[in-house]
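What follows is a short report on a single structure.
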There are 4 protein chains.
Amino acid sequence: MATHPVVEYTSPSSWALIEDKLSPFAKETLVKLIKFLEDEVWPATRIAHAQLPADPEARWKTVIPVVADLKAKAKKLGLWNLFLSKTHYPQWGVPLTNLEYAVMAELLGRGGQIASESVNCSAPDTGNMEVLARYASPEQQKKWLVPLLNGEIRSAFSMTERFVASSDATNIRTSIRQEGNEIVINGHKWYISGAGDPRCALHLVLGKSDPENSDTYRQQSIVIVPANAPGVKVVRPMGVFGYDDAPEGHCEVIYENVRVPVENLVYGWGKGFEIIQGRLGPGRTHHCMRSIGAAQYALDLMLQRVTDPAKKTFGKYLYEHGTVVADIAKSRAEIESARLLVYSAALQIDKAQAKGALKEIGIAKFVVPSMACGVIDRVIQSYGAEGVSQDTPLAAMWAGQRTLRIADGPDAVHIQQIGQRELKRAVALTKRTAEIKKKERALAEKYNVKAHL
Amino acid sequence: MATHPVVEYTSPSSWALIEDKLSPFAKETLVKLIKFLEDEVWPATRIAHAQLPADPEARWKTVIPVVADLKAKAKKLGLWNLFLSKTHYPQWGVPLTNLEYAVMAELLGRGGQIASESVNCSAPDTGNMEVLARYASPEQQKKWLVPLLNGEIRSAFSMTERFVASSDATNIRTSIRQEGNEIVINGHKWYISGAGDPRCALHLVLGKSDPENSDTYRQQSIVIVPANAPGVKVVRPMGVFGYDDAPEGHCEVIYENVRVPVENLVYGWGKGFEIIQGRLGPGRTHHCMRSIGAAQYALDLMLQRVTDPAKKTFGKYLYEHGTVVADIAKSRAEIESARLLVYSAALQIDKAQAKGALKEIGIAKFVVPSMACGVIDRVIQSYGAEGVSQDTPLAAMWAGQRTLRIADGPDAVHIQQIGQRELKRAVALTKRTAEIKKKERALAEKYNVKAHL
Amino acid sequence: MATHPVVEYTSPSSWALIEDKLSPFAKETLVKLIKFLEDEVWPATRIAHAQLPADPEARWKTVIPVVADLKAKAKKLGLWNLFLSKTHYPQWGVPLTNLEYAVMAELLGRGGQIASESVNCSAPDTGNMEVLARYASPEQQKKWLVPLLNGEIRSAFSMTERFVASSDATNIRTSIRQEGNEIVINGHKWYISGAGDPRCALHLVLGKSDPENSDTYRQQSIVIVPANAPGVKVVRPMGVFGYDDAPEGHCEVIYENVRVPVENLVYGWGKGFEIIQGRLGPGRTHHCMRSIGAAQYALDLMLQRVTDPAKKTFGKYLYEHGTVVADIAKSRAEIESARLLVYSAALQIDKAQAKGALKEIGIAKFVVPSMACGVIDRVIQSYGAEGVSQDTPLAAMWAGQRTLRIADGPDAVHIQQIGQRELKRAVALTKRTAEIKKKERALAEKYNVKAHL
Amino acid sequence: MATHPVVEYTSPSSWALIEDKLSPFAKETLVKLIKFLEDEVWPATRIAHAQLPADPEARWKTVIPVVADLKAKAKKLGLWNLFLSKTHYPQWGVPLTNLEYAVMAELLGRGGQIASESVNCSAPDTGNMEVLARYASPEQQKKWLVPLLNGEIRSAFSMTERFVASSDATNIRTSIRQEGNEIVINGHKWYISGAGDPRCALHLVLGKSDPENSDTYRQQSIVIVPANAPGVKVVRPMGVFGYDDAPEGHCEVIYENVRVPVENLVYGWGKGFEIIQGRLGPGRTHHCMRSIGAAQYALDLMLQRVTDPAKKTFGKYLYEHGTVVADIAKSRAEIESARLLVYSAALQIDKAQAKGALKEIGIAKFVVPSMACGVIDRVIQSYGAEGVSQDTPLAAMWAGQRTLRIADGPDAVHIQQIGQRELKRAVALTKRTAEIKKKERALAEKYNVKAHL
């Protein structure tokens, strides 16, 4: 039986588990995507890097030529907006399930951001398109969603605040208030990904519109702010372990008396919390699959390094030294476990929506980036100084994965939520144990057993 | 949609991944098994323990009454020999795949050995029945396999040797040689599981029949030795962290000029290594699933403990202290990962035989018992002194799992094999990288990029 | 420069750090102790084990002959009660500091309990002697302390309760009340170490004498209960991973209307909590040093195993495989770190009493047994099946160390206390940071720097 | 008793262990150093950062003004060249032992590179000054060592090669050959720290002068190359996780037919390997102590963060959530262990030279940077996005520590060496065990014990 080419990038056994859940269309798209990545995207990765100017100003004003060309090709091939599932977004989506896209997302995560951008599947645009597709008015969709879906503009999601522990949404200080037909926004955000990009046309800004509402989850609203609106100040790019991730960047942004028409309110007053909750589910599995792709790619690099005759020391291949083989085996096992875990979470979303998959998504969220950091760290070690340099993607990949342990809620938050969720099982368990004990007592009598029960 | 009751013991998302791969028969059998475990087996666990005498002699001469009764009930219900897949053993097997049995094996692994024995699925009998079903002559099958399948006798697999590193089969010293119509066996084995049981009727003994054969994998043969043959000396039970695991035990056994008819040779001269290789594949996934069941059961106990009002300290529930919630979340994630990993290995065996699933089986073998040890260790900690005592199954479960990191080849052996197997991927990867570089050079020319490539 | 023989059992660099802090007497005693251990104790370890009957009754009625002989020899040599520092107990102690005894305690921890017993330094007697030396009346001392110091009797400390989370002393349920000239004790304890020993003559019993006292730390008292007092019922030995640790054992004990004269009250009504606090400091460092001795001994066994030509597999020494060398290096590093940590805690007790060394003691308490478990676990793995058996001390050593992660307060309690103690440093740190920021602002002005400060 | 102010930055118990080993001069110098750091250096850290231009060219041509001022002040205070011990370098050194400087080095490691540079103790100058002080001719010392000691110039150590696994010195490809009165150097190095600094005046270049020598450790020589010699091309700064570490940098350097007078040969032909071996001992403990300072500083930052009322979430301080307190306790324990380990290694160097302290140095080398990475990683997590940003020193500190797991030999090399060194103990251990067994047999006879011995 001929096997699918994706197996070379994943594993036969994980494929066996999901193969019959993928549609013929998904399988064909996957073949097409692999060919596109091999022929076009991966050869372009370092070209793209070289086309980005070193100058601290110019880096933020550049649309990288090779990436623009890749986008055009991908669109023509129909490899476009693969993340947006028709099941959930009948009007806008492509006929792919979350699970099907999960398999593709892993491939997109191999070696760099440009793969995702090429097929118009890069964060934060993906999440923003989901928000607009689900919650925006037809006018908003026409103005902002359509050009985003076309890859003509880019966008930012403006939530994290400086000076505040904003993982607790009730701490948000940005103010959003109506004045006549306008909405006035004041706030101080940072780590706003994508806000540095010259193509960034809009920010979805979360703020407090009703700070006194007794229901703390109804205090927030989300407003569409054009990136060029007066009062929007992109202060500086924030660093990620020394990287600036230009041209997208993660920027400090101040909104100073920014005014937008009231039509720019998304979904309704007080709907901000509901929107951000809805936004995160599938996106987290996409992130996780890209992390798995990064880890798998790193492991693939390690295999090449440790078998490279030019890197022999003391007459032996690198893999013949110390714990290298064991490190490889552990990495392989960890990647495979994580892949199955996220497949399972993605399928659960397909079956029971994000709400019915909170446990699976949460587990994936705290397990996968840590796993990827660990794997990449071992690979860095096998590359020596080159591993921390700009000459391999490893150090930047590690920094990206490390940041994912903080972004969208730090690990600890997810760990606590999963733990608390598990605790709820205690009631039923205690009841079941009581029933078993009851039967045990009957048996003890029957067999006349008098032990310490 | 009504969900299957097994979900309460595993998870909805792992079930979703495999549900459509299970036959209606398997699903019904699973329902029946759950009911049998809840109603009959789990209430009997501590009864069985209490029925085992404390006396160091009598413990080894006892057939535990409640277990005998459970076996009779299970047989009547058709919950019998579930491990033996009809696909692989058309003559003897039940119509269940490896994956289907894997789900059942997890349940059998919850809390104690008697569940497996009740449904005639306990090691080492399972592996021995597989060997006899595949390699034995019709006469051998009639004499030994049939009563084993009927649960009338038990058996031992006699491989590990004292004084020798027998994980390298070429180190085996036990001698097996033909004299006329007889085979003479001399050797010193230990950790022979099941050899202490009063019902143990046969040992499958591995030894060297052709020690000079230049093919080191053709030096070994396997012989059926009746447990009561003259010269078979069960020296003593070997301990496992202080446990003797009576009445089965893990015994030191000396074979001193034991003579059996030449008909007792299994499969042929020099076939010993081939047989032990074939024996291990599916059995390892069964072991792993039982380990997962043990870990899941331990976690279930932890949930009950940390929510028990009687165990509050300093005015707070145990789960409100320290890292308990995080420990629970991690345990949940680890168990779920491991479960998916072993499902995937079991399915791979169904699709590609044990030979085509060596990587998956090997990964499961070194990942799962370590995982189970870690989870159970956290649970022990949550139970305090009671956790290391005879009053919960935890300490014994831990000892059992710890031993699995040694049995059937220590972790290190599997880790090395998986690592070496991964290394073989390097050739294809290096080739693919070269192709990508070639395209990169073409692109560099096209875009006139002169960076450090 | 001739170096001290202890260096062979520890390390030159740890010795260099403490050498000048040891008195000539301590150094000589150390030499004498090493000789005694090498010549007498270590050769007797397995003899002692063999002299303990297997019979479940007789095991608890035996004084092991070889141990009795060792005690006589040690006493004659002046290797006796080394744990009791004259500094803290001028009337009863030996002229050794805590640090000096710490070095000896490590040696006593190598391979088995009998070393400690031989020199009358075994728990729980050590802690009990400390209690009696510090808090008991002269009459109590004459009756109970003197024979304990002479090694004529043994003792138990009766604190942990069944059915209760007794790591919170306010949960204690055992009742201690005065009736006329008598004290009446009722309670249900377990894991009472030493209560199984035929020589055990007294229990120090902690209970509530004033359960309504608003000061929850004044509710408890401690009473001396003769082991043969009517109403003292030793119910059964509690297991530790399958071990019963006979003849001392860790017993379940019920006190049913036990009556003792009011003179048996220790120190005063309501002094129970104060006594148990004082009891634990130095004892914890002793335990830790013994744990380090156990880990070091295990590592020494590993070195012998992995260089044993009889254990070669596939033509290579065990140390030539996989991660063995790395495991050894890590174990060495971990043991050495732990040793220095406990030396430092012991010295701190000498300088500032147990009260001034709470942080150091607490850290040692949660770091060392975990470290020892980890090291011994690796060694077990290198021994294969033999590692979990009764034929090496490894499995029993591991079980002992694992239990220390629960005894005297579970790890989590110590971790929380140390963490909380560290948090107190935040105030001073925040103040210092503010001062530095102030100077920074002055500098910024001076250099005319306007960056984001 | 008044305690030393260093205790606030380290711990009372580690101080107690070493206090009596420090001279009055060392203790006074330590007081002076602490005051200087508090008053001058730490307030200047971010000023220095701000004074470094962002422009990719200008960054490498800047002498940071505030650092220059700090150097002048430190020199005046006598806080200068503290690393150079008079014991080992009588002509040039300061009267401080390695242990004494170790205590100071920890303080220098708190928060940034400028502390070390301020007191003329920064790598690679420190190692280079040691080399010149020990091996250089008087003329070389006058020309290069004196201005280095005066802090007038800086230097680079040019060993690591691109395209080669240069952790095996026999792989070195750089060629060094004599032509008449000149030495000609050709080679391709990278990660040459300090080569980017505008003050860098010399490179100590390691190359092969005698590649055919059968003694592979005599093939290498070291030559002093003026930084401005024709043919010395500083190609580019190499990155460290996105950082360029300007102005020092870690540069790719090509030596193309560089010619220097034969007088620039250091120590003699074929002495290269000997020199690099001698160079690394004390320097490694200095690095380790700085790493400990970094970790301790990070922990201090964490304590402030988690008690900051502005960072409360869900109504609770950060330290009241999840595993924060446990993380703090573990970090505290790990730092303290590591500190003691390196003190012990430093003292061992003082007592037995670097050669007699190889095991201690090696252990410190692989334990400490990993420990520091782990601690800082936890602290980053507690700072959320700010932790990976340029607004705290954490991310850069982590990157620095991570690189130390590769620099001066990757962890694996040191781990293997320590493991191999431990293995050598097996011979003596096996002999001792045999002696104990012999005595055991005698005892067995005496007591008539016939157990399985």
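By order of appearance in the structure tokens: chains A, B, ..., then residues from 1 within every chain, and ligands from 1 in the order shown.
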
Task: Proximal residues of chain B relative to chain C (only C-alpha atoms; 6 Å) as a PyMOL selection string - done: chain B and resi 165+168+239-243+311+313+384+388-390+395+406

Could the residues in this selection be saved with N, CA and C atoms as a PDB file, in the first residue's frame?
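In the end it all went to selection.pdb:
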```pdb
ATOM      1  N   ALA B 165      24.975 -11.371  32.227  1.00  0.00           N
ATOM      2  CA  ALA B 165      24.201 -10.250  31.678  1.00  0.00           C
ATOM      3  C   ALA B 165      23.365 -10.787  30.534  1.00  0.00           C
ATOM      4  N   ASP B 168      21.952  -9.702  26.781  1.00  0.00           N
ATOM      5  CA  ASP B 168      22.626 -10.105  25.541  1.00  0.00           C
ATOM      6  C   ASP B 168      22.482 -11.622  25.434  1.00  0.00           C
ATOM      7  N   GLY B 239      13.130 -11.239  45.499  1.00  0.00           N
ATOM      8  CA  GLY B 239      12.350 -10.090  45.949  1.00  0.00           C
ATOM      9  C   GLY B 239      12.286  -8.978  44.923  1.00  0.00           C
ATOM     10  N   VAL B 240      11.259  -8.186  45.030  1.00  0.00           N
ATOM     11  CA  VAL B 240      11.112  -6.979  44.231  1.00  0.00           C
ATOM     12  C   VAL B 240      10.787  -5.865  45.226  1.00  0.00           C
ATOM     13  N   PHE B 241      11.804  -5.144  45.635  1.00  0.00           N
ATOM     14  CA  PHE B 241      11.606  -4.093  46.639  1.00  0.00           C
ATOM     15  C   PHE B 241      10.852  -4.630  47.852  1.00  0.00           C
ATOM     16  N   GLY B 242      11.273  -5.810  48.295  1.00  0.00           N
ATOM     17  CA  GLY B 242      10.673  -6.369  49.498  1.00  0.00           C
ATOM     18  C   GLY B 242       9.434  -7.201  49.257  1.00  0.00           C
ATOM     19  N   TYR B 243       8.885  -7.157  48.074  1.00  0.00           N
ATOM     20  CA  TYR B 243       7.703  -7.970  47.768  1.00  0.00           C
ATOM     21  C   TYR B 243       8.135  -9.311  47.197  1.00  0.00           C
ATOM     22  N   LYS B 311      -8.414  14.903  55.533  1.00  0.00           N
ATOM     23  CA  LYS B 311      -6.970  15.049  55.376  1.00  0.00           C
ATOM     24  C   LYS B 311      -6.555  16.505  55.280  1.00  0.00           C
ATOM     25  N   THR B 313      -5.044  19.963  56.261  1.00  0.00           N
ATOM     26  CA  THR B 313      -4.043  20.442  57.225  1.00  0.00           C
ATOM     27  C   THR B 313      -4.044  21.961  57.196  1.00  0.00           C
ATOM     28  N   GLY B 384       1.188  10.322  51.998  1.00  0.00           N
ATOM     29  CA  GLY B 384       2.048  10.269  53.176  1.00  0.00           C
ATOM     30  C   GLY B 384       2.430   8.841  53.501  1.00  0.00           C
ATOM     31  N   VAL B 388       3.266   4.425  51.346  1.00  0.00           N
ATOM     32  CA  VAL B 388       4.321   3.403  51.235  1.00  0.00           C
ATOM     33  C   VAL B 388       3.908   2.104  51.935  1.00  0.00           C
ATOM     34  N   SER B 389       2.707   2.093  52.492  1.00  0.00           N
ATOM     35  CA  SER B 389       2.268   0.963  53.317  1.00  0.00           C
ATOM     36  C   SER B 389       1.576  -0.130  52.511  1.00  0.00           C
ATOM     37  N   GLN B 390       1.158  -1.154  53.222  1.00  0.00           N
ATOM     38  CA  GLN B 390       0.396  -2.243  52.606  1.00  0.00           C
ATOM     39  C   GLN B 390      -1.093  -1.906  52.509  1.00  0.00           C
ATOM     40  N   ALA B 395       2.391   1.432  46.782  1.00  0.00           N
ATOM     41  CA  ALA B 395       3.804   1.064  46.865  1.00  0.00           C
ATOM     42  C   ALA B 395       4.080  -0.175  46.023  1.00  0.00           C
ATOM     43  N   ILE B 406      13.278  -2.692  33.856  1.00  0.00           N
ATOM     44  CA  ILE B 406      14.388  -3.639  33.726  1.00  0.00           C
ATOM     45  C   ILE B 406      13.952  -4.869  32.922  1.00  0.00           C
TER      46      ILE B 406
END
```

Open item on the list: Residues near Gly180 (chain A), anyone? I mean within 12 Å using only C-alpha atoms, not counting same-chain ones fewer than 6 positions away, as a ChimeraX atom specification.
Closed with: /A:259-263

Hey, can you spit out that residue selection with C-alpha atoms as a PDB file, in the first residue's frame?
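New file out_27.pdb:
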```pdb
ATOM      1  CA  ARG A 259     -11.112  58.138  17.946  1.00  0.00           C
ATOM      2  CA  VAL A 260     -12.956  55.694  15.709  1.00  0.00           C
ATOM      3  CA  PRO A 261     -16.555  55.591  14.528  1.00  0.00           C
ATOM      4  CA  VAL A 262     -18.917  53.647  16.764  1.00  0.00           C
ATOM      5  CA  GLU A 263     -19.394  51.193  13.881  1.00  0.00           C
TER       6      GLU A 263
END
```

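Between CA of Leu77 (chain A) and CA of Arg441 (chain B) there is a distance of 23.7 Å.
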
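Going from CA of Leu347 (chain D) to CA of Val375 (chain C) covers 26.3 Å.
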
Task: All residues 8 Å or closer to Met159 (chain A), only C-alpha atoms, same chain fewer than 4 positions away omitted, as a PyMOL selection string - done: chain A and resi 166+189+192+205-207

Go ahead and write the selection's residues with N, CA and C atoms as a CSV table (one decimal), in the first residue's frame.
```
chain,number,residue,atom,x,y,z
A,166,SER,N,-1.8,41.4,32.8
A,166,SER,CA,-3.0,41.3,32.0
A,166,SER,C,-3.5,39.9,31.7
A,189,LYS,N,-0.3,49.5,25.6
A,189,LYS,CA,-0.1,48.0,25.4
A,189,LYS,C,1.3,47.7,25.0
A,192,ILE,N,2.6,43.7,21.1
A,192,ILE,CA,1.5,43.6,20.2
A,192,ILE,C,2.1,43.1,18.9
A,205,VAL,N,-8.4,46.1,19.3
A,205,VAL,CA,-8.0,46.6,20.7
A,205,VAL,C,-9.0,46.2,21.7
A,206,LEU,N,-8.5,45.5,22.7
A,206,LEU,CA,-9.3,45.1,23.9
A,206,LEU,C,-9.2,46.2,25.0
A,207,GLY,N,-10.3,46.6,25.5
A,207,GLY,CA,-10.2,47.6,26.6
A,207,GLY,C,-11.5,47.5,27.5
```

Open item on the list: I'd like the neighbourhood of Phe25 (chain D) as an NGL selection string, where a residue qualifies if any of its atoms comes within 10 Å (using only C-alpha atoms), though same-chain residues fewer than 6 positions away should be ignored.
Closed with: :D and (31 or 95-96 or 100)

- [ ] Taking the chain letters and numbering used in this document, name the residues of region 89-271 of chain B that DSSP puts in strand (DSSP E), as a PyMOL selection string.
- [x] chain B and resi 154-158+175-179+182-193+200-208+220-226+232-237+250-261

Task: Computed interatomic separation between CA of Gly278 (chain A) and CA of Pro247 (chain A) (Å) - done: 27.8 Å

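The shortest atom-to-atom distance to Thr392 (chain C), with only C-alpha atoms taken into account, belongs to C:Thr45 out of C:Thr45, C:His250, C:Ile335, C:Lys21.
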
Considering only C-alpha atoms, return as a compact mmCIF listing (two decimals) with N, CA and C atoms, in the first residue's frame whatever protein or nucleic-acid residues lie within 9 Å of Tyr89 (chain C), sequence-local ones (same chain, fewer than 4 positions apart) excluded.
```txt
# COMPACT_ATOMS: atom_id res chain seq x y z
N LEU C 84 25.62 12.65 70.28
CA LEU C 84 25.18 13.53 71.36
C LEU C 84 26.29 14.53 71.69
N SER C 85 26.11 15.74 71.19
CA SER C 85 27.21 16.71 71.30
C SER C 85 27.30 17.32 72.69
N GLY C 93 26.86 14.43 76.90
CA GLY C 93 27.38 14.31 75.55
C GLY C 93 28.84 13.92 75.41
N VAL C 94 29.21 13.64 74.17
CA VAL C 94 30.61 13.39 73.81
C VAL C 94 31.17 14.68 73.20
N GLU C 130 18.02 12.71 72.99
CA GLU C 130 18.11 14.17 73.01
C GLU C 130 16.98 14.79 73.81
N ALA C 133 17.54 14.01 77.47
CA ALA C 133 18.68 14.75 78.01
C ALA C 133 18.35 16.21 78.22
N ARG C 134 17.50 16.74 77.35
CA ARG C 134 17.20 18.17 77.44
C ARG C 134 16.00 18.46 78.34
```

TODO: Output as JSON, numbers by chain all residues of region 202-300 of chain B that backbone DSSP marks as helix (DSSP H, G or I).
DONE: {"B": [216, 217, 218, 262, 263, 264, 272, 273, 274, 275, 276, 277, 278, 279, 280, 281, 282, 283, 284, 285, 286, 287, 288, 289, 290, 291, 292, 293, 294, 295, 296, 297, 298, 299, 300]}

Open item on the list: Neighbouring residues of Ala156 (chain B) were defined as those with any atom within 10 Å, considering only C-alpha atoms; residues of the same chain fewer than 3 positions away were excluded. Please report them as JSON, numbers by chain.
Closed with: {"B": [123, 124, 125, 127, 128, 159, 192, 193, 194, 195, 196, 197, 200, 201, 202, 203, 204, 205, 224, 225, 227, 248, 250, 251]}

Just-selected residues, C-alpha atoms written as a PDB file, in the first residue's frame:
```
ATOM      1  CA  ALA B 123       1.931 -12.763  32.104  1.00  0.00           C
ATOM      2  CA  PRO B 124       3.892 -14.892  31.607  1.00  0.00           C
ATOM      3  CA  ASP B 125       1.084 -17.202  30.476  1.00  0.00           C
ATOM      4  CA  GLY B 127       3.407 -14.754  26.042  1.00  0.00           C
ATOM      5  CA  ASN B 128       3.771 -18.491  26.527  1.00  0.00           C
ATOM      6  CA  MET B 159      15.257 -17.005  30.242  1.00  0.00           C
ATOM      7  CA  ILE B 192      11.494 -16.728  36.559  1.00  0.00           C
ATOM      8  CA  SER B 193       8.015 -15.311  37.014  1.00  0.00           C
ATOM      9  CA  GLY B 194       5.271 -17.765  37.811  1.00  0.00           C
ATOM     10  CA  ALA B 195       7.602 -20.597  38.764  1.00  0.00           C
ATOM     11  CA  GLY B 196       6.415 -20.366  42.390  1.00  0.00           C
ATOM     12  CA  ASP B 197       2.770 -20.983  41.609  1.00  0.00           C
ATOM     13  CA  CYS B 200       2.692 -23.987  37.307  1.00  0.00           C
ATOM     14  CA  ALA B 201       2.954 -27.029  35.052  1.00  0.00           C
ATOM     15  CA  LEU B 202       5.624 -26.123  32.530  1.00  0.00           C
ATOM     16  CA  HIS B 203       8.673 -23.959  31.979  1.00  0.00           C
ATOM     17  CA  LEU B 204       9.675 -22.799  28.541  1.00  0.00           C
ATOM     18  CA  VAL B 205      13.443 -22.900  28.956  1.00  0.00           C
ATOM     19  CA  ILE B 224       9.277 -27.400  27.250  1.00  0.00           C
ATOM     20  CA  VAL B 225      10.214 -28.623  30.719  1.00  0.00           C
ATOM     21  CA  ALA B 227       7.623 -28.166  36.284  1.00  0.00           C
ATOM     22  CA  GLU B 248       3.347 -16.577  41.349  1.00  0.00           C
ATOM     23  CA  HIS B 250       9.867 -14.629  40.502  1.00  0.00           C
ATOM     24  CA  CYS B 251      12.033 -17.577  41.362  1.00  0.00           C
TER      25      CYS B 251
END
```

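In terms of minimum interatomic distance to Leu265 (chain A), A:Ser137 ranks closest within A:Ser137, A:Thr174, A:Ser155, A:Gln277, counting only C-alpha atoms.
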
Polymer residues at most 9 Å from region 353-358 of chain B, only C-alpha atoms, same-chain spacing of 2 or more positions, as a short mmCIF file (atom, residue, chain, number, x, y, z; two decimals) with N, CA and C atoms, in the first residue's frame:
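After the write, selection.cif holds the following:
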```cif
data_model
loop_
_atom_site.label_atom_id
_atom_site.label_comp_id
_atom_site.auth_asym_id
_atom_site.auth_seq_id
_atom_site.Cartn_x
_atom_site.Cartn_y
_atom_site.Cartn_z
N SER A 13 3.02 5.66 12.29
CA SER A 13 2.03 5.25 13.29
C SER A 13 1.07 6.38 13.63
N HIS B 88 -3.95 -12.85 14.27
CA HIS B 88 -2.61 -13.45 14.28
C HIS B 88 -2.66 -14.95 14.58
N GLY B 278 9.81 -12.94 18.47
CA GLY B 278 8.40 -12.92 18.11
C GLY B 278 7.50 -12.77 19.32
N LEU B 280 7.83 -10.94 21.93
CA LEU B 280 7.81 -9.72 22.74
C LEU B 280 6.94 -8.58 22.24
N GLY B 281 6.68 -8.54 20.93
CA GLY B 281 6.01 -7.36 20.39
C GLY B 281 4.69 -7.01 21.03
N PRO B 282 3.62 -7.79 20.74
CA PRO B 282 2.32 -7.40 21.29
C PRO B 282 2.35 -7.39 22.82
N ALA B 345 1.02 2.44 18.86
CA ALA B 345 1.89 1.27 18.67
C ALA B 345 1.05 0.03 18.42
N ALA B 346 -0.04 -0.11 19.17
CA ALA B 346 -0.89 -1.29 19.02
C ALA B 346 -1.52 -1.32 17.62
N LEU B 347 -1.97 -0.18 17.18
CA LEU B 347 -2.55 -0.11 15.84
C LEU B 347 -1.50 -0.44 14.78
N GLN B 348 -0.31 0.03 15.01
CA GLN B 348 0.77 -0.25 14.07
C GLN B 348 1.05 -1.75 13.98
N ILE B 349 0.99 -2.43 15.11
CA ILE B 349 1.14 -3.90 15.08
C ILE B 349 0.02 -4.52 14.24
N ASP B 350 -1.17 -4.02 14.44
CA ASP B 350 -2.29 -4.56 13.65
C ASP B 350 -2.07 -4.33 12.16
N LYS B 351 -1.47 -3.19 11.82
CA LYS B 351 -1.30 -2.87 10.40
C LYS B 351 -0.07 -3.51 9.79
N GLU B 360 7.73 1.97 17.33
CA GLU B 360 6.64 2.36 18.20
C GLU B 360 6.64 1.53 19.50
N ILE B 361 6.89 0.23 19.35
CA ILE B 361 6.92 -0.62 20.54
C ILE B 361 8.08 -0.22 21.45
N GLY B 362 9.23 0.04 20.84
CA GLY B 362 10.41 0.40 21.63
C GLY B 362 10.21 1.71 22.38
N ILE B 363 9.61 2.68 21.71
CA ILE B 363 9.35 3.95 22.39
C ILE B 363 8.40 3.74 23.56
N ILE B 418 16.22 2.70 19.67
CA ILE B 418 15.40 3.72 19.01
C ILE B 418 16.30 4.82 18.45
#
```
